[in-house]
>>> print(open('entry25.txt').read())   # compact mmCIF, C-alpha atoms and all ligand atoms
# COMPACT_ATOMS: atom_id res chain seq x y z
CA MET A 1 -66.13 23.27 56.20
CA ARG A 2 -67.88 22.10 53.07
CA ASN A 3 -65.64 19.08 52.48
CA LEU A 4 -65.93 17.09 55.73
CA THR A 5 -66.14 13.74 53.90
CA ALA A 6 -62.86 14.39 52.07
CA VAL A 7 -61.13 15.69 55.20
CA ARG A 8 -62.33 12.67 57.20
CA GLY A 9 -60.96 10.33 54.49
CA GLN A 10 -57.56 12.07 54.47
CA LEU A 11 -57.28 11.98 58.26
CA LEU A 12 -58.18 8.28 58.35
CA ALA A 13 -55.56 7.51 55.68
CA LEU A 14 -52.89 9.43 57.59
CA ALA A 15 -53.89 7.77 60.86
CA ARG A 16 -53.65 4.30 59.28
CA GLU A 17 -50.21 5.10 57.82
CA ALA A 18 -49.10 6.21 61.27
CA VAL A 19 -50.24 2.90 62.80
CA ALA A 20 -47.99 1.09 60.33
CA ALA A 21 -45.13 3.43 61.28
CA GLN A 22 -45.74 2.82 65.02
CA ARG A 23 -46.54 6.50 65.68
CA GLU A 24 -49.38 8.89 66.21
CA ALA A 25 -49.99 11.28 63.31
CA CYS A 26 -50.60 14.99 63.90
CA GLY A 27 -51.04 18.32 62.19
CA LEU A 28 -53.42 21.15 61.59
CA LEU A 29 -56.60 21.81 59.65
CA ALA A 30 -56.69 25.07 57.70
CA ALA A 31 -59.85 26.89 56.68
CA GLU A 32 -59.26 28.12 53.14
CA PRO A 33 -60.85 31.32 51.78
CA SER A 34 -63.02 29.06 49.55
CA GLY A 35 -64.69 27.52 52.63
CA ASP A 36 -63.00 24.15 52.20
CA TRP A 37 -60.61 22.84 54.83
CA THR A 38 -57.20 21.39 54.04
CA VAL A 39 -55.31 18.77 56.03
CA TRP A 40 -51.73 19.66 56.91
CA PRO A 41 -49.71 16.79 58.37
CA VAL A 42 -46.89 17.94 60.66
CA PRO A 43 -44.14 15.45 61.60
CA ASN A 44 -44.47 13.90 65.05
CA VAL A 45 -41.07 14.33 66.69
CA LEU A 46 -41.94 12.41 69.85
CA ALA A 47 -40.26 9.03 70.14
CA PRO A 48 -42.87 6.25 70.03
CA ASN A 49 -44.36 5.42 73.42
CA VAL A 50 -42.34 7.96 75.38
CA LEU A 51 -45.53 8.89 77.24
CA ALA A 52 -46.59 5.30 77.83
CA PRO A 53 -43.52 3.06 77.87
CA GLY A 54 -44.29 -0.53 77.10
CA ALA A 55 -47.67 0.25 75.60
CA ALA A 56 -48.84 -2.16 72.94
CA THR A 57 -49.77 0.69 70.63
CA PRO A 58 -47.90 3.92 69.96
CA ALA A 59 -48.86 6.78 72.26
CA GLY A 60 -48.14 10.47 72.22
CA PHE A 61 -47.22 13.18 69.80
CA ALA A 62 -45.32 16.45 69.64
CA MET A 63 -45.52 18.51 66.47
CA ASP A 64 -42.19 19.49 64.93
CA PRO A 65 -42.07 23.19 65.93
CA VAL A 66 -40.30 24.32 62.74
CA ALA A 67 -42.71 22.43 60.47
CA LEU A 68 -45.68 23.77 62.47
CA GLN A 69 -44.43 27.34 62.09
CA GLN A 70 -43.93 26.82 58.35
CA ALA A 71 -47.44 25.40 57.99
CA LEU A 72 -48.98 28.34 59.87
CA ARG A 73 -47.04 30.86 57.73
CA ALA A 74 -48.05 29.07 54.52
CA CYS A 75 -51.70 29.24 55.60
CA GLU A 76 -51.45 32.93 56.41
CA ALA A 77 -49.70 33.69 53.11
CA ARG A 78 -52.65 32.42 51.08
CA GLY A 79 -55.40 33.81 53.30
CA ALA A 80 -56.25 30.58 55.14
CA ARG A 81 -56.65 30.46 58.91
CA LEU A 82 -55.92 27.86 61.56
CA ALA A 83 -59.22 26.02 62.07
CA ALA A 84 -58.16 23.09 64.28
CA PHE A 85 -55.37 20.80 65.35
CA TRP A 86 -55.64 17.05 64.81
CA HIS A 87 -53.85 13.91 65.88
CA SER A 88 -54.50 10.18 65.77
CA HIS A 89 -55.12 7.53 68.40
CA PRO A 90 -53.82 4.33 66.80
CA GLY A 91 -55.33 1.78 69.16
CA SER A 92 -57.90 3.55 71.28
CA SER A 93 -61.01 5.68 71.02
CA ALA A 94 -61.25 9.29 69.87
CA LEU A 95 -61.54 10.47 73.48
CA PRO A 96 -58.84 12.91 74.68
CA SER A 97 -56.10 11.25 76.74
CA SER A 98 -54.79 12.74 79.98
CA ALA A 99 -51.70 13.93 78.05
CA ASP A 100 -53.74 15.67 75.37
CA ARG A 101 -54.34 18.75 77.48
CA TYR A 102 -50.63 19.57 77.13
CA ALA A 103 -50.97 19.74 73.35
CA ALA A 104 -54.31 21.56 73.15
CA TRP A 105 -54.63 25.29 72.59
CA LYS A 106 -57.46 27.06 74.35
CA GLY A 107 -60.14 28.06 71.85
CA VAL A 108 -58.76 25.96 68.96
CA PRO A 109 -60.76 22.79 68.21
CA PHE A 110 -58.87 19.57 68.70
CA TYR A 111 -59.79 16.75 66.29
CA ILE A 112 -58.92 13.18 67.24
CA CYS A 113 -58.90 10.47 64.57
CA ALA A 114 -59.10 6.90 65.86
CA PRO A 115 -59.25 4.51 62.89
CA CYS A 116 -60.06 1.49 65.09
CA ALA A 117 -62.99 3.13 66.88
CA GLN A 118 -66.52 4.28 66.17
CA PRO A 119 -66.95 7.15 65.64
CA ALA A 120 -63.47 7.43 64.16
CA LEU A 121 -63.38 11.23 64.17
CA ARG A 122 -64.46 13.48 67.02
CA ALA A 123 -63.80 17.13 67.85
CA TRP A 124 -63.07 18.60 71.27
CA VAL A 125 -62.46 22.00 72.80
CA TRP A 126 -60.10 22.39 75.74
CA SER A 127 -61.34 24.60 78.59
CA GLY A 128 -57.85 25.70 79.63
CA GLU A 129 -58.22 23.86 82.92
CA SER A 130 -56.13 20.88 84.00
CA SER A 131 -59.01 18.91 85.47
CA SER A 132 -59.96 15.50 84.12
CA ASP A 133 -63.09 16.93 82.48
CA CYS A 134 -61.27 19.79 80.76
CA PHE A 135 -62.39 18.77 77.25
CA ARG A 136 -65.89 19.22 75.94
CA GLU A 137 -67.03 17.63 72.71
CA THR A 138 -68.02 19.94 69.88
CA PRO A 139 -69.70 19.06 66.57
CA LEU A 140 -67.42 18.40 63.64
CA GLU A 141 -67.32 21.56 61.55
CA GLY A 142 -69.66 21.10 58.60
CA GLU A 143 -71.27 17.92 59.90
CA ASP A 144 -74.74 17.49 58.57
CA THR A 145 -77.28 17.87 61.28
CA PRO A 146 -79.74 14.99 61.41
CA THR A 147 -82.90 15.79 59.55
CA LEU A 148 -86.15 14.52 60.91
CA THR A 149 -88.41 13.27 58.18
CA THR A 150 -92.10 12.85 58.55
CA PRO A 151 -93.34 9.49 57.31
CA ARG A 152 -95.86 9.85 54.53
CA ALA A 153 -99.22 8.17 54.99
ZN ZN B 1 -54.48 12.11 72.05
>>> encode(input="entry25.txt", output="structure tokens")
Amino acid sequence: MRNLTAVRGQLLALAREAVAAQREACGLLAAEPSGDWTVWPVPNVLAPNVLAPGAATPAGFAMDPVALQQALRACEARGARLAAFWHSHPGSSALPSSADRYAAWKGVPFYICAPCAQPALRAWVWSGESSSDCFRETPLEGEDTPTLTTPRA
């Protein structure tokens, strides 16, 4: 992805809107033929806090299956491919929750946007296992690698 800064900004804006709406936000990231990624929000059809009743912040998401199918077909129609899924964590860190393994697809990166945390955006890959350590962190696609500079005398 060449446009990580723009994608990060869009995901943070969607995550903040979702906090105001008392929900998690979710969707997919599409890799366009140009090399840029686009953010596709998909409606969260899960009732707020169904996974954590009584929680102070909204928890859980389930992508609308019809909207998800439409988004995937629209990507395919213009030559884009599914690059990752994303969702937000309104009041916690960008670490996968125990419920996240039910939403992850093996081999598809899983971006979590947590506007109240640092770092606010992290990427994970699910191993396909159900163990507690079934997610491994992966670099954000297109993230600049730190460059070591040599001090000049
Ligand atoms: Zn989650």
>>> residues_near_ligand(input="entry25.txt", ligand="ligand ZN 1 (chain B)", cutoff="10 Å", atoms="only C-alpha atoms and all ligand atoms", output="MDAnalysis selection string")
chainID A and resid 24:26 59:61 86:90 92:104 110:114
>>> write_last_selection(input="entry25.txt", atoms="C-alpha atoms", output="PDB file, in the coordinates of the input")
ATOM      1  CA  GLU A  24     -49.380   8.890  66.210  1.00  0.00           C
ATOM      2  CA  ALA A  25     -49.990  11.280  63.310  1.00  0.00           C
ATOM      3  CA  CYS A  26     -50.600  14.990  63.900  1.00  0.00           C
ATOM      4  CA  ALA A  59     -48.860   6.780  72.260  1.00  0.00           C
ATOM      5  CA  GLY A  60     -48.140  10.470  72.220  1.00  0.00           C
ATOM      6  CA  PHE A  61     -47.220  13.180  69.800  1.00  0.00           C
ATOM      7  CA  TRP A  86     -55.640  17.050  64.810  1.00  0.00           C
ATOM      8  CA  HIS A  87     -53.850  13.910  65.880  1.00  0.00           C
ATOM      9  CA  SER A  88     -54.500  10.180  65.770  1.00  0.00           C
ATOM     10  CA  HIS A  89     -55.120   7.530  68.400  1.00  0.00           C
ATOM     11  CA  PRO A  90     -53.820   4.330  66.800  1.00  0.00           C
ATOM     12  CA  SER A  92     -57.900   3.550  71.280  1.00  0.00           C
ATOM     13  CA  SER A  93     -61.010   5.680  71.020  1.00  0.00           C
ATOM     14  CA  ALA A  94     -61.250   9.290  69.870  1.00  0.00           C
ATOM     15  CA  LEU A  95     -61.540  10.470  73.480  1.00  0.00           C
ATOM     16  CA  PRO A  96     -58.840  12.910  74.680  1.00  0.00           C
ATOM     17  CA  SER A  97     -56.100  11.250  76.740  1.00  0.00           C
ATOM     18  CA  SER A  98     -54.790  12.740  79.980  1.00  0.00           C
ATOM     19  CA  ALA A  99     -51.700  13.930  78.050  1.00  0.00           C
ATOM     20  CA  ASP A 100     -53.740  15.670  75.370  1.00  0.00           C
ATOM     21  CA  ARG A 101     -54.340  18.750  77.480  1.00  0.00           C
ATOM     22  CA  TYR A 102     -50.630  19.570  77.130  1.00  0.00           C
ATOM     23  CA  ALA A 103     -50.970  19.740  73.350  1.00  0.00           C
ATOM     24  CA  ALA A 104     -54.310  21.560  73.150  1.00  0.00           C
ATOM     25  CA  PHE A 110     -58.870  19.570  68.700  1.00  0.00           C
ATOM     26  CA  TYR A 111     -59.790  16.750  66.290  1.00  0.00           C
ATOM     27  CA  ILE A 112     -58.920  13.180  67.240  1.00  0.00           C
ATOM     28  CA  CYS A 113     -58.900  10.470  64.570  1.00  0.00           C
ATOM     29  CA  ALA A 114     -59.100   6.900  65.860  1.00  0.00           C
TER      30      ALA A 114
END
>>> residues_around(input="entry25.txt", residues="Pro115 (chain A)", least_positions_apart="5", cutoff="7 Å", atoms="only C-alpha atoms", output="PyMOL selection string")
chain A and resi 12+15-16+90+120
>>> write_last_selection(input="entry25.txt", atoms="C-alpha atoms", output="short mmCIF file (atom, residue, chain, number, x, y, z; two decimals), in the frame of the given file")
data_model
loop_
_atom_site.label_atom_id
_atom_site.label_comp_id
_atom_site.auth_asym_id
_atom_site.auth_seq_id
_atom_site.Cartn_x
_atom_site.Cartn_y
_atom_site.Cartn_z
CA LEU A 12 -58.18 8.28 58.35
CA ALA A 15 -53.89 7.77 60.86
CA ARG A 16 -53.65 4.30 59.28
CA PRO A 90 -53.82 4.33 66.80
CA ALA A 120 -63.47 7.43 64.16
#
>>> closest_residue(input="entry25.txt", among="A:Ala20, A:Ala13, A:Leu121, A:Ala6", to="Pro41 (chain A)", atoms="only C-alpha atoms")
A:Ala13
>>> residues_around(input="entry25.txt", residues="Thr138 (chain A)", least_positions_apart="3", cutoff="7 Å", atoms="only C-alpha atoms", output="number ranges by chain")
A: 123-125
>>> atom_distance(input="entry25.txt", atom1="CA of Arg122 (chain A)", atom2="CA of Leu11 (chain A)")
11.4 Å
>>> closest_residue(input="entry25.txt", among="A:Gln69, A:Ser130, A:Ser34, A:Gln118", to="Gly91 (chain A)", atoms="all atoms listed in the file")
A:Gln118
>>> residues_around(input="entry25.txt", residues="Trp105 (chain A)", least_positions_apart="4", cutoff="8 Å", atoms="only C-alpha atoms", output="PyMOL selection string")
chain A and resi 109+126+128
>>> atom_distance(input="entry25.txt", atom1="CA of Ala21 (chain A)", atom2="CA of Gln70 (chain A)")
23.6 Å
>>> atom_distance(input="entry25.txt", atom1="CA of Ala74 (chain A)", atom2="CA of Glu32 (chain A)")
11.3 Å
>>> closest_residue(input="entry25.txt", among="A:Ala67, A:Ala77, A:Val7, A:Leu82", to="Ala30 (chain A)", atoms="only C-alpha atoms")
A:Leu82
>>> closest_residue(input="entry25.txt", among="A:Leu28, A:Glu137, A:Pro33, A:Pro65", to="Val45 (chain A)", atoms="only C-alpha atoms")
A:Pro65
>>> closest_residue(input="entry25.txt", among="A:Glu76, A:Ala84, A:Thr38, A:Ser131", to="Gly9 (chain A)", atoms="all atoms listed in the file")
A:Thr38
>>> build_atoms(input="entry25.txt", residues="region 117-142 of chain A", atoms="N, CA and C atoms", output="tab-separated table (two decimals), in the frame of the given file")
chain	number	residue	atom	x	y	z
A	117	ALA	N	-61.85	2.87	66.00
A	117	ALA	CA	-62.99	3.13	66.88
A	117	ALA	C	-64.18	3.67	66.08
A	118	GLN	N	-65.31	3.68	66.72
A	118	GLN	CA	-66.52	4.28	66.17
A	118	GLN	C	-67.09	5.24	67.20
A	119	PRO	N	-67.32	6.50	66.90
A	119	PRO	CA	-66.95	7.15	65.64
A	119	PRO	C	-65.44	7.35	65.56
A	120	ALA	N	-64.92	7.35	64.36
A	120	ALA	CA	-63.47	7.43	64.16
A	120	ALA	C	-62.94	8.85	64.23
A	121	LEU	N	-63.82	9.83	64.12
A	121	LEU	CA	-63.38	11.23	64.17
A	121	LEU	C	-64.30	12.01	65.08
A	122	ARG	N	-63.69	12.65	66.09
A	122	ARG	CA	-64.46	13.48	67.02
A	122	ARG	C	-63.69	14.77	67.26
A	123	ALA	N	-64.42	15.82	67.62
A	123	ALA	CA	-63.80	17.13	67.85
A	123	ALA	C	-64.04	17.55	69.30
A	124	TRP	N	-63.03	18.20	69.87
A	124	TRP	CA	-63.07	18.60	71.27
A	124	TRP	C	-62.58	20.03	71.40
A	125	VAL	N	-62.98	20.68	72.47
A	125	VAL	CA	-62.46	22.00	72.80
A	125	VAL	C	-61.95	21.92	74.23
A	126	TRP	N	-60.73	22.41	74.42
A	126	TRP	CA	-60.10	22.39	75.74
A	126	TRP	C	-60.50	23.65	76.51
A	127	SER	N	-60.87	23.47	77.77
A	127	SER	CA	-61.34	24.60	78.59
A	127	SER	C	-60.19	25.48	79.10
A	128	GLY	N	-58.97	24.97	79.04
A	128	GLY	CA	-57.85	25.70	79.63
A	128	GLY	C	-57.56	25.24	81.04
A	129	GLU	N	-58.42	24.39	81.56
A	129	GLU	CA	-58.22	23.86	82.92
A	129	GLU	C	-57.37	22.59	82.84
A	130	SER	N	-56.91	22.12	83.98
A	130	SER	CA	-56.13	20.88	84.00
A	130	SER	C	-56.92	19.73	84.62
A	131	SER	N	-58.19	19.95	84.87
A	131	SER	CA	-59.01	18.91	85.47
A	131	SER	C	-59.25	17.77	84.48
A	132	SER	N	-59.75	16.65	84.98
A	132	SER	CA	-59.96	15.50	84.12
A	132	SER	C	-61.10	15.72	83.12
A	133	ASP	N	-61.98	16.67	83.41
A	133	ASP	CA	-63.09	16.93	82.48
A	133	ASP	C	-62.87	18.25	81.73
A	134	CYS	N	-61.62	18.50	81.36
A	134	CYS	CA	-61.27	19.79	80.76
A	134	CYS	C	-61.56	19.86	79.27
A	135	PHE	N	-62.01	18.75	78.65
A	135	PHE	CA	-62.39	18.77	77.25
A	135	PHE	C	-63.89	18.63	77.14
A	136	ARG	N	-64.47	19.40	76.23
A	136	ARG	CA	-65.89	19.22	75.94
A	136	ARG	C	-66.00	18.94	74.44
A	137	GLU	N	-66.87	17.99	74.11
A	137	GLU	CA	-67.03	17.63	72.71
A	137	GLU	C	-67.77	18.74	71.96
A	138	THR	N	-67.40	18.93	70.72
A	138	THR	CA	-68.02	19.94	69.88
A	138	THR	C	-68.34	19.27	68.54
A	139	PRO	N	-69.39	19.69	67.86
A	139	PRO	CA	-69.70	19.06	66.57
A	139	PRO	C	-68.56	19.24	65.58
A	140	LEU	N	-68.37	18.25	64.72
A	140	LEU	CA	-67.42	18.40	63.64
A	140	LEU	C	-67.88	19.54	62.76
A	141	GLU	N	-66.98	20.43	62.40
A	141	GLU	CA	-67.32	21.56	61.55
A	141	GLU	C	-67.89	21.06	60.22
A	142	GLY	N	-69.08	21.48	59.88
A	142	GLY	CA	-69.66	21.10	58.60
A	142	GLY	C	-70.44	19.80	58.63
